[in-house]
>>> print(open('work02.csv').read())   # CSV, C-alpha atoms and all ligand atoms
chain,number,residue,atom,x,y,z
A,1,MET,CA,-9.1,-33.8,138.5
A,2,LYS,CA,-8.1,-30.2,139.2
A,3,TYR,CA,-9.9,-28.3,142.0
A,4,VAL,CA,-9.2,-26.4,145.2
A,5,SER,CA,-8.6,-28.6,148.2
A,6,CYS,CA,-5.9,-29.3,150.8
A,7,GLN,CA,-3.8,-32.4,151.6
A,8,ASN,CA,-5.5,-32.8,155.0
A,9,ILE,CA,-9.1,-32.7,153.5
A,10,GLN,CA,-8.0,-35.2,151.0
A,11,ASN,CA,-6.1,-37.7,153.2
A,12,GLY,CA,-5.6,-36.3,156.7
A,13,LEU,CA,-6.5,-37.8,160.0
A,14,ARG,CA,-5.6,-36.4,163.4
A,15,PHE,CA,-6.2,-37.8,166.9
A,16,GLU,CA,-6.2,-35.5,169.8
A,17,TYR,CA,-6.7,-36.3,173.4
A,18,ASN,CA,-10.3,-35.1,173.2
A,19,ALA,CA,-11.2,-35.0,169.5
A,20,ILE,CA,-10.6,-36.4,166.0
A,21,LYS,CA,-9.9,-33.9,163.3
A,22,LEU,CA,-8.3,-33.7,159.8
A,23,CYS,CA,-5.4,-31.5,160.8
A,24,CYS,CA,-3.9,-29.4,163.6
A,25,PHE,CA,-4.7,-26.0,162.0
A,26,MET,CA,-7.2,-23.5,163.0
A,27,SER,CA,-6.6,-20.9,160.4
A,28,GLY,CA,-10.0,-20.5,159.0
A,29,ASN,CA,-12.5,-17.8,159.9
A,30,THR,CA,-14.6,-19.7,162.5
A,31,PRO,CA,-14.0,-19.8,166.3
A,32,GLU,CA,-13.8,-23.6,166.2
A,33,PRO,CA,-11.7,-25.9,164.0
A,34,LEU,CA,-13.1,-28.6,161.8
A,35,PHE,CA,-14.0,-31.5,164.0
A,36,ILE,CA,-14.7,-35.0,162.8
A,37,LYS,CA,-15.6,-36.1,166.3
A,38,LYS,CA,-15.7,-33.6,169.1
A,39,ASP,CA,-15.5,-34.6,172.7
A,40,TYR,CA,-13.9,-37.9,171.8
A,41,TRP,CA,-12.3,-39.9,174.6
A,42,GLY,CA,-11.5,-43.2,172.9
A,43,GLU,CA,-15.0,-44.7,172.7
A,44,LYS,CA,-15.5,-47.5,170.2
A,45,LEU,CA,-16.5,-46.0,166.9
A,46,ASP,CA,-18.2,-47.3,163.7
A,47,TRP,CA,-15.2,-46.4,161.5
A,48,LYS,CA,-17.2,-47.0,158.3
A,49,GLU,CA,-19.6,-44.2,159.4
A,50,VAL,CA,-16.6,-41.9,160.3
A,51,VAL,CA,-14.9,-42.6,157.0
A,52,ASP,CA,-18.2,-41.8,155.2
A,53,SER,CA,-18.5,-38.5,156.9
A,54,ILE,CA,-14.9,-37.6,155.9
A,55,TYR,CA,-15.7,-38.7,152.3
A,56,LYS,CA,-18.6,-36.3,152.3
A,57,ILE,CA,-16.3,-33.4,153.2
A,58,ARG,CA,-14.0,-34.4,150.4
A,59,GLU,CA,-16.8,-34.7,147.9
A,60,ASN,CA,-18.2,-31.3,148.8
A,61,GLN,CA,-14.7,-29.8,148.4
A,62,LYS,CA,-14.5,-31.4,145.0
A,63,ASN,CA,-17.7,-29.6,144.1
A,64,GLY,CA,-16.4,-26.2,145.4
A,65,ILE,CA,-18.0,-26.3,148.8
A,66,THR,CA,-15.3,-25.6,151.4
A,67,PRO,CA,-16.1,-26.2,155.1
A,68,ALA,CA,-16.6,-22.8,156.9
A,69,GLU,CA,-13.8,-23.8,159.3
A,70,CYS,CA,-11.3,-24.1,156.4
A,71,VAL,CA,-12.2,-20.9,154.5
A,72,GLY,CA,-9.1,-18.7,154.4
A,73,CYS,CA,-6.7,-21.4,155.3
A,74,PHE,CA,-3.3,-21.3,153.6
A,75,GLY,CA,-3.5,-25.1,153.1
A,76,LEU,CA,-6.0,-24.7,150.3
A,77,GLN,CA,-4.6,-24.8,146.8
A,78,GLU,CA,-5.8,-25.5,143.3
A,79,ARG,CA,-4.1,-28.5,141.8
A,80,GLU,CA,-4.7,-32.0,140.5
A,81,TRP,CA,-5.9,-34.2,143.3
A,82,ASP,CA,-6.1,-38.0,143.0
A,83,ASP,CA,-8.9,-40.1,144.4
A,84,ASN,CA,-6.8,-41.9,147.0
A,85,PRO,CA,-9.3,-42.7,149.7
A,86,LYS,CA,-6.8,-43.7,152.4
A,87,PHE,CA,-5.4,-41.8,155.3
A,88,LYS,CA,-1.9,-40.7,154.3
A,89,TRP,CA,-1.2,-37.8,156.7
A,90,ILE,CA,-1.7,-39.2,160.1
A,91,GLN,CA,-1.2,-37.2,163.2
A,92,ILE,CA,-1.1,-38.7,166.6
A,93,ALA,CA,-1.6,-36.3,169.4
A,94,HIS,CA,-3.9,-38.4,171.6
A,95,TRP,CA,-2.1,-37.7,174.9
A,96,SER,CA,-1.1,-34.6,176.7
A,97,GLU,CA,1.2,-35.9,179.5
A,98,CYS,CA,4.6,-34.2,179.5
A,99,ASN,CA,7.6,-33.9,181.8
A,100,CYS,CA,8.0,-30.1,181.3
A,101,ASN,CA,5.9,-27.0,181.2
A,102,CYS,CA,6.7,-24.7,178.2
A,103,THR,CA,5.2,-21.3,178.8
A,104,TYR,CA,3.6,-21.4,175.3
A,105,CYS,CA,2.1,-24.9,175.7
A,106,TYR,CA,-1.6,-25.5,175.0
A,107,ARG,CA,-1.7,-27.4,178.3
A,108,LEU,CA,-1.0,-24.2,180.2
A,109,GLN,CA,-3.8,-22.2,178.6
A,110,SER,CA,-6.9,-21.4,180.5
A,111,ASN,CA,-9.2,-23.1,178.0
A,112,PHE,CA,-7.2,-26.4,178.2
A,113,GLU,CA,-9.7,-29.1,179.0
A,114,LYS,CA,-8.1,-31.6,181.4
A,115,PRO,CA,-8.3,-35.1,179.9
A,116,LYS,CA,-11.4,-36.9,181.2
A,117,LYS,CA,-9.8,-40.2,180.2
A,118,ARG,CA,-6.7,-41.5,178.5
A,119,TYR,CA,-7.2,-43.7,175.5
A,120,LYS,CA,-5.1,-46.1,173.6
A,121,ILE,CA,-4.5,-45.5,169.9
A,122,MET,CA,-3.1,-48.9,168.9
A,123,PRO,CA,-6.5,-50.7,168.7
A,124,ILE,CA,-7.8,-47.9,166.4
A,125,ILE,CA,-4.7,-48.1,164.2
A,126,LYS,CA,-5.0,-51.8,163.9
A,127,GLU,CA,-8.7,-51.5,163.0
A,128,LEU,CA,-7.9,-48.9,160.3
A,129,ASP,CA,-5.1,-51.1,159.0
A,130,LYS,CA,-7.5,-54.1,158.8
A,131,MET,CA,-9.9,-51.9,156.8
A,132,ASN,CA,-7.0,-51.1,154.5
A,133,MET,CA,-7.5,-47.4,155.2
A,134,LEU,CA,-3.9,-46.5,156.0
A,135,ASP,CA,-1.5,-45.4,153.3
A,136,TYR,CA,2.0,-46.2,154.4
A,137,ASN,CA,3.4,-44.1,151.6
A,138,GLY,CA,2.5,-41.1,153.7
A,139,GLU,CA,3.6,-39.4,156.9
A,140,LEU,CA,3.0,-40.1,160.6
A,141,ALA,CA,3.5,-37.1,162.8
A,142,TYR,CA,3.5,-37.1,166.5
A,143,SER,CA,2.6,-33.9,168.3
A,144,GLY,CA,0.9,-34.7,171.6
A,145,GLY,CA,2.4,-34.4,174.9
A,146,GLU,CA,5.9,-35.9,175.3
A,147,PRO,CA,6.7,-39.2,173.6
A,148,ALA,CA,8.8,-40.2,176.7
A,149,SER,CA,5.6,-39.8,178.8
A,150,LEU,CA,3.5,-42.1,176.6
A,151,ARG,CA,3.7,-45.8,177.4
A,152,GLU,CA,2.3,-46.8,174.0
A,153,PHE,CA,4.8,-44.7,172.1
A,154,ASP,CA,7.3,-47.5,171.3
A,155,ASP,CA,4.5,-49.9,170.3
A,156,ILE,CA,3.0,-47.4,167.8
A,157,THR,CA,6.3,-46.4,166.4
A,158,ASN,CA,7.5,-50.0,166.0
A,159,PHE,CA,4.2,-50.8,164.2
A,160,PHE,CA,4.7,-48.0,161.7
A,161,LEU,CA,8.4,-48.8,161.3
A,162,LYS,CA,7.6,-52.4,160.5
A,163,LYS,CA,4.9,-51.3,158.0
A,164,GLY,CA,7.6,-49.2,156.2
A,165,MET,CA,5.9,-45.8,156.8
A,166,ARG,CA,7.7,-43.5,154.4
A,167,ILE,CA,8.0,-40.6,156.9
A,168,ILE,CA,7.8,-40.5,160.7
A,169,MET,CA,8.0,-37.2,162.4
A,170,VAL,CA,8.5,-37.1,166.1
A,171,HIS,CA,8.3,-34.0,168.3
A,172,SER,CA,9.8,-34.2,171.7
A,173,ASN,CA,11.3,-32.1,174.4
A,174,GLY,CA,14.4,-34.3,174.4
A,175,ILE,CA,14.6,-34.5,178.2
A,176,LYS,CA,14.7,-38.3,178.0
A,177,PRO,CA,16.0,-40.3,175.0
A,178,VAL,CA,13.3,-42.6,173.6
A,179,LYS,CA,14.2,-46.1,172.5
A,180,SER,CA,12.2,-46.4,169.3
A,181,VAL,CA,13.4,-42.9,168.2
A,182,LEU,CA,17.0,-44.1,168.5
A,183,LYS,CA,16.0,-47.1,166.4
A,184,GLY,CA,13.9,-45.2,163.9
A,185,LEU,CA,16.6,-42.6,163.2
A,186,LYS,CA,18.9,-45.3,161.8
A,187,THR,CA,16.3,-46.0,159.1
A,188,ASP,CA,16.3,-42.5,157.4
A,189,THR,CA,12.5,-42.5,157.5
A,190,MET,CA,12.3,-40.8,160.9
A,191,SER,CA,13.0,-37.3,162.0
A,192,VAL,CA,13.0,-35.9,165.5
A,193,THR,CA,12.4,-32.3,166.3
A,194,VAL,CA,13.2,-30.9,169.7
A,195,SER,CA,12.1,-27.4,170.5
A,196,VAL,CA,15.1,-26.0,172.3
A,197,ASP,CA,14.2,-22.3,171.8
A,198,CYS,CA,17.4,-21.1,173.4
A,199,GLY,CA,21.1,-21.8,173.9
A,200,ASP,CA,21.6,-21.8,177.7
A,201,ARG,CA,20.4,-23.4,180.9
A,202,GLN,CA,19.0,-20.2,182.4
A,203,LYS,CA,16.8,-19.3,179.4
A,204,PHE,CA,15.7,-22.9,179.1
A,205,LYS,CA,14.5,-22.8,182.7
A,206,GLN,CA,12.6,-19.6,182.0
A,207,ILE,CA,10.9,-21.0,178.9
A,208,LYS,CA,10.4,-24.7,179.9
A,209,GLN,CA,10.0,-24.2,183.7
A,210,VAL,CA,12.3,-27.2,184.3
A,211,ASP,CA,16.0,-27.3,184.8
A,212,ALA,CA,16.8,-29.8,182.0
A,213,TYR,CA,18.9,-28.0,179.4
A,214,ASN,CA,21.9,-30.2,179.8
A,215,LYS,CA,19.8,-33.4,179.6
A,216,VAL,CA,18.3,-32.2,176.4
A,217,MET,CA,21.7,-31.5,174.8
A,218,ASP,CA,22.9,-35.0,175.9
A,219,THR,CA,19.8,-36.5,174.3
A,220,LEU,CA,20.4,-34.5,171.1
A,221,LYS,CA,24.0,-35.8,170.9
A,222,LYS,CA,22.7,-39.4,171.2
A,223,TYR,CA,20.1,-38.8,168.5
A,224,VAL,CA,22.7,-37.2,166.2
A,225,LYS,CA,24.9,-40.2,166.6
A,226,ALA,CA,22.0,-42.6,165.9
A,227,GLN,CA,21.2,-40.9,162.5
A,228,GLY,CA,21.5,-43.1,159.4
A,229,ASN,CA,22.6,-41.6,156.0
A,230,ASP,CA,20.4,-38.6,156.4
A,231,LYS,CA,22.3,-36.2,158.7
A,232,THR,CA,19.4,-33.8,158.8
A,233,SER,CA,17.0,-36.1,160.7
A,234,VAL,CA,17.6,-34.4,164.1
A,235,ARG,CA,16.3,-30.9,164.2
A,236,SER,CA,16.4,-28.1,166.8
A,237,LYS,CA,13.4,-25.9,166.8
A,238,TYR,CA,13.3,-22.2,167.7
A,239,ILE,CA,10.0,-20.7,168.6
A,240,ILE,CA,10.3,-17.0,168.6
A,241,ILE,CA,8.8,-15.8,171.9
A,242,PRO,CA,8.7,-12.0,172.0
A,243,ARG,CA,10.3,-10.5,175.1
A,244,VAL,CA,11.8,-13.8,176.0
A,245,ASN,CA,14.2,-15.1,173.3
A,246,ASP,CA,13.9,-12.2,170.8
A,247,THR,CA,17.5,-10.9,170.5
A,248,LYS,CA,20.2,-11.7,168.0
A,249,GLU,CA,22.4,-12.8,170.9
A,250,ASP,CA,19.7,-15.4,171.9
A,251,VAL,CA,19.7,-16.7,168.3
A,252,ASP,CA,23.5,-16.8,168.1
A,253,LYS,CA,23.7,-18.8,171.3
A,254,TRP,CA,21.1,-21.2,170.1
A,255,LEU,CA,22.8,-21.7,166.7
A,256,ASP,CA,26.3,-22.1,168.3
A,257,GLU,CA,24.9,-24.8,170.6
A,258,THR,CA,23.0,-26.5,167.8
A,259,GLN,CA,26.1,-26.8,165.8
A,260,ARG,CA,28.2,-27.9,168.8
A,261,VAL,CA,26.1,-31.1,169.1
A,262,GLY,CA,26.2,-31.7,165.4
A,263,ILE,CA,22.7,-30.8,164.3
A,264,GLN,CA,22.5,-29.7,160.6
A,265,LYS,CA,18.8,-28.7,160.3
A,266,VAL,CA,16.7,-26.2,162.3
A,267,ILE,CA,13.1,-25.3,162.3
A,268,LEU,CA,11.7,-21.8,162.9
A,269,ASP,CA,8.3,-21.0,164.3
A,270,PHE,CA,6.5,-18.2,166.2
A,271,GLU,CA,4.6,-18.4,169.4
A,272,ALA,CA,1.1,-19.0,167.9
A,273,ASP,CA,-1.0,-16.8,170.3
A,274,TRP,CA,1.4,-13.9,170.0
A,275,LEU,CA,1.2,-13.9,166.2
A,276,GLU,CA,-2.5,-14.2,166.3
A,277,ARG,CA,-2.7,-11.1,168.7
A,278,ASN,CA,-0.1,-9.1,166.8
A,279,LYS,CA,-0.7,-10.1,163.2
A,280,HIS,CA,-1.8,-6.6,162.2
A,281,ASN,CA,1.0,-4.9,164.1
A,282,ILE,CA,4.2,-6.9,164.0
A,283,PRO,CA,7.1,-4.9,165.5
A,284,GLU,CA,10.0,-4.1,163.2
A,285,TYR,CA,12.5,-5.7,165.4
A,286,ILE,CA,10.7,-9.1,165.0
A,287,ASP,CA,11.0,-8.7,161.2
A,288,GLU,CA,14.7,-8.0,161.6
A,289,LEU,CA,15.1,-11.0,163.9
A,290,TYR,CA,13.3,-13.3,161.4
A,291,GLN,CA,15.6,-12.0,158.6
A,292,TYR,CA,18.7,-12.5,160.9
A,293,ILE,CA,17.8,-16.1,161.4
A,294,VAL,CA,17.3,-16.7,157.7
A,295,ASP,CA,20.7,-15.1,157.0
A,296,SER,CA,22.6,-16.7,159.8
A,297,THR,CA,21.5,-20.2,159.1
A,298,LYS,CA,22.5,-19.7,155.4
A,299,GLN,CA,25.9,-18.4,156.4
A,300,ARG,CA,26.5,-21.3,158.8
A,301,GLY,CA,25.3,-23.9,156.2
A,302,VAL,CA,22.5,-25.0,158.4
A,303,GLU,CA,19.2,-26.0,156.7
A,304,LEU,CA,16.2,-24.0,157.7
A,305,GLN,CA,12.6,-25.1,157.6
A,306,PHE,CA,9.5,-23.1,158.5
A,307,TYR,CA,6.7,-24.6,160.6
A,308,GLY,CA,3.0,-23.6,160.3
A,309,VAL,CA,2.9,-20.4,162.3
A,310,ALA,CA,6.1,-19.2,160.7
A,311,THR,CA,4.4,-19.9,157.3
A,312,GLN,CA,1.5,-17.8,158.5
A,313,TYR,CA,4.0,-15.0,159.3
A,314,ARG,CA,5.5,-15.3,155.8
A,315,GLU,CA,2.1,-15.1,154.3
A,316,ILE,CA,1.3,-11.9,156.3
A,317,LYS,CA,4.6,-10.5,155.2
A,318,LYS,CA,3.9,-11.4,151.6
A,319,LEU,CA,7.0,-13.5,151.5
A,320,ASN,CA,7.1,-16.4,149.0
A,321,VAL,CA,5.2,-19.4,150.4
A,322,GLU,CA,4.8,-20.9,146.9
A,323,GLY,CA,5.5,-24.6,146.7
A,324,TYR,CA,5.0,-24.9,150.4
A,325,GLY,CA,3.2,-28.1,151.1
A,326,LEU,CA,1.8,-29.2,154.4
A,327,HIS,CA,3.2,-32.6,153.8
A,328,GLN,CA,5.9,-34.0,151.5
A,329,GLU,CA,4.2,-35.8,148.6
B,1,LIG,S1,-7.9,-26.3,154.8
B,1,LIG,FE1,-6.6,-25.9,156.5
B,1,LIG,S2,-8.0,-26.1,158.3
B,1,LIG,FE2,-9.0,-27.2,156.6
B,1,LIG,S3,-8.3,-29.3,156.7
B,1,LIG,FE3,-6.9,-28.2,155.4
B,1,LIG,S4,-5.2,-27.6,156.7
B,1,LIG,FE4,-6.9,-28.1,158.0
B,2,LIG,S1,7.3,-30.2,175.4
B,2,LIG,FE1,5.4,-29.9,174.2
B,2,LIG,S2,3.8,-30.9,175.4
B,2,LIG,FE2,5.5,-30.6,176.8
B,2,LIG,S3,5.2,-28.6,177.8
B,2,LIG,FE3,6.4,-28.2,176.0
B,2,LIG,S4,5.0,-27.7,174.3
B,2,LIG,FE4,3.8,-28.7,176.0
>>> encode(input="work02.csv", output="structure tokens")
Amino acid sequence: MKYVSCQNIQNGLRFEYNAIKLCCFMSGNTPEPLFIKKDYWGEKLDWKEVVDSIYKIRENQKNGITPAECVGCFGLQEREWDDNPKFKWIQIAHWSECNCNCTYCYRLQSNFEKPKKRYKIMPIIKELDKMNMLDYNGELAYSGGEPASLREFDDITNFFLKKGMRIIMVHSNGIKPVKSVLKGLKTDTMSVTVSVDCGDRQKFKQIKQVDAYNKVMDTLKKYVKAQGNDKTSVRSKYIIIPRVNDTKEDVDKWLDETQRVGIQKVILDFEADWLERNKHNIPEYIDELYQYIVDSTKQRGVELQFYGVATQYREIKKLNVEGYGLHQE
């Protein structure tokens, strides 16, 4: 049936260290995102009840009633939606521990709520699997703290690898190579994205507040070597941070280093808070830098992908975002 909805309303599920949601976005018009469970610290849940509350949101959307938190979000689109009830777009971000301190990290923001408890996700995943609620023809994306700082990480990843999850996306700072990532990269179903944001040790120290640039480049070399047939599984991300890494020289250095370690795909994003504050008044030199990255990657034969905040930028600039899906069908 054709109606307006979004992939995450239809089939999304996201675990955060203090909440359960459908997605990681907060691009609607309300001060709070759409919570399924707010203030969640791993308590035992009646999953039938939780699933029913999600079904209600989907049913409302089918009838043209969009949750206030989603109104205005770029994820909404009119198209044919199937009635697949399972969770297909799973995001695991239930931990916040990390071994670096990026200046743009949510953990460093004043409204960051220190975790009251840590919780394990494996029992929940196993319960949902038993209920036949997980669609392994979907996507698992990690975006929590750092995978290398999560003890459960290899267990979760090995579980999904064994189940044949179609896409597994890992986000890591790359300071330490992770065992199950080295294994997963060989399967062509996993990708790993490392936000390097620069091309030298000094700038790295400034952005990440740890002196680990060389370790990251070493890990990236190992990951590149571990790739299977898909040579675009290892990605270097560049978050444009105005006044920090906003020159063409910064970008050149980053791309030179990216290619030096054999990476063939990069991701572009913007510092989210900066874009939010400046969306009505983006300086011209940022537009030029954006275009420079688009042109340079093309010239160098490096594949370029835009992440969520960059897509918001493209929407603001009325650039073509058509065909952009939150997840790969
Ligand atoms: S419409 Fe946007 S905010 Fe709402 S669930 Fe979809 S992606 Fe998330
Ligand atoms: S690597 Fe990720 S979790 Fe760690 S400080 Fe940076 S942004 Fe935060």
>>> residues_near_point(input="work02.csv", point="(26.2, -29.3, 167.3)", cutoff="12 Å", atoms="only C-alpha atoms", output="VMD selection string")
chain A and resid 199 217 to 225 231 to 232 234 to 236 253 to 266 300 302
>>> residues_near_ligand(input="work02.csv", ligand="ligand LIG 1 (chain B)", cutoff="12 Å", atoms="only C-alpha atoms and all ligand atoms", output="PyMOL selection string")
chain A and resi 4-14+20-36+54+57-58+61+65-78+89+91+308+312+325-327
>>> residues_near_ligand(input="work02.csv", ligand="ligand LIG 2 (chain B)", cutoff="8 Å", atoms="only C-alpha atoms and all ligand atoms", output="list of chain:residue names")
A:Ser96, A:Glu97, A:Cys98, A:Asn99, A:Cys100, A:Asn101, A:Cys102, A:Thr103, A:Tyr104, A:Cys105, A:Tyr106, A:Arg107, A:Leu108, A:Ser143, A:Gly144, A:Gly145, A:Glu146, A:His171, A:Ser172, A:Asn173, A:Ser195, A:Lys208
>>> atom_distance(input="work02.csv", atom1="atom CA of A:Ile286", atom2="atom CA of A:Pro242")
7.8 Å
>>> closest_residue(input="work02.csv", among="A:Met133, A:Lys186, A:Ile316, A:Leu268", to="A:Lys48", atoms="all atoms listed in the file")
A:Met133
>>> residues_near_point(input="work02.csv", point="(-7.2, -50.5, 165.4)", cutoff="12 Å", atoms="only C-alpha atoms", output="list in words")
Gly42, Lys44, Leu45, Asp46, Trp47, Lys120, Ile121, Met122, Pro123, Ile124, Ile125, Lys126, Glu127, Leu128, Asp129, Lys130, Met131, Asn132, Met133, Leu134, Ile156 and Phe159 of chain A
>>> atom_distance(input="work02.csv", atom1="atom CA of A:Ile241", atom2="atom CA of A:Glu271")
5.5 Å
>>> closest_residue(input="work02.csv", among="A:Ile240, A:Ala19, A:Ile92, A:Ile267", to="A:Glu113", atoms="all atoms listed in the file")
A:Ala19
>>> atom_distance(input="work02.csv", atom1="atom CA of A:Asp52", atom2="atom CA of A:Met1")
20.6 Å
>>> closest_residue(input="work02.csv", among="A:Thr189, A:Ser180, A:Gln305, A:Asn111", to="A:Asn229", atoms="all atoms listed in the file")
A:Thr189
>>> closest_residue(input="work02.csv", among="A:Gln291, A:Asn60, A:Asn245, A:Gln227", to="A:Ile207", atoms="only C-alpha atoms")
A:Asn245
>>> closest_residue(input="work02.csv", among="A:Tyr313, A:Trp81, A:Tyr238, A:Tyr307", to="A:Glu329", atoms="all atoms listed in the file")
A:Trp81
>>> closest_residue(input="work02.csv", among="A:Thr297, A:Met190, A:Ala310, A:Leu182", to="A:Leu140", atoms="all atoms listed in the file")
A:Met190
>>> decode(input="work02.csv", residues="stretch 103-152 of chain A", atoms="C-alpha atoms", output="short mmCIF file (atom, residue, chain, number, x, y, z; two decimals), in the first residue's frame")
data_model
loop_
_atom_site.label_atom_id
_atom_site.label_comp_id
_atom_site.auth_asym_id
_atom_site.auth_seq_id
_atom_site.Cartn_x
_atom_site.Cartn_y
_atom_site.Cartn_z
CA THR A 103 35.32 17.51 20.71
CA TYR A 104 32.00 17.00 18.90
CA CYS A 105 30.99 13.88 20.84
CA TYR A 106 27.59 13.76 22.57
CA ARG A 107 29.43 12.47 25.66
CA LEU A 108 31.11 15.83 26.08
CA GLN A 109 27.94 17.87 25.87
CA SER A 110 26.53 19.51 28.98
CA ASN A 111 23.20 17.67 28.65
CA PHE A 112 24.91 14.25 28.52
CA GLU A 113 23.36 12.10 31.18
CA LYS A 114 26.01 9.91 32.78
CA PRO A 115 24.91 6.25 32.48
CA LYS A 116 23.20 5.11 35.67
CA LYS A 117 23.83 1.51 34.73
CA ARG A 118 25.36 -0.51 31.95
CA TYR A 119 23.18 -3.12 30.37
CA LYS A 120 23.76 -6.14 28.19
CA ILE A 121 22.06 -6.29 24.84
CA MET A 122 22.60 -9.99 24.04
CA PRO A 123 19.72 -11.27 26.25
CA ILE A 124 17.37 -8.81 24.50
CA ILE A 125 18.59 -9.78 21.03
CA LYS A 126 18.13 -13.46 21.86
CA GLU A 127 14.60 -12.80 23.16
CA LEU A 128 13.64 -10.90 20.00
CA ASP A 129 15.17 -13.67 17.89
CA LYS A 130 13.07 -16.25 19.75
CA MET A 131 9.97 -14.14 19.08
CA ASN A 132 10.96 -14.19 15.39
CA MET A 133 11.02 -10.39 15.42
CA LEU A 134 14.41 -9.85 13.77
CA ASP A 135 14.74 -9.63 10.00
CA TYR A 136 18.28 -10.69 9.09
CA ASN A 137 17.77 -9.41 5.58
CA GLY A 138 18.27 -5.96 7.03
CA GLU A 139 20.99 -3.89 8.58
CA LEU A 140 22.71 -3.80 11.94
CA ALA A 141 24.45 -0.52 12.69
CA TYR A 142 26.61 0.17 15.70
CA SER A 143 26.94 3.72 16.86
CA GLY A 144 27.48 3.81 20.55
CA GLY A 145 30.68 4.44 22.30
CA GLU A 146 33.71 2.63 20.93
CA PRO A 147 33.41 -1.06 19.91
CA ALA A 148 36.85 -1.79 21.36
CA SER A 149 35.55 -0.54 24.74
CA LEU A 150 32.52 -2.86 24.77
CA ARG A 151 33.14 -6.36 26.14
CA GLU A 152 29.98 -7.70 24.52
#
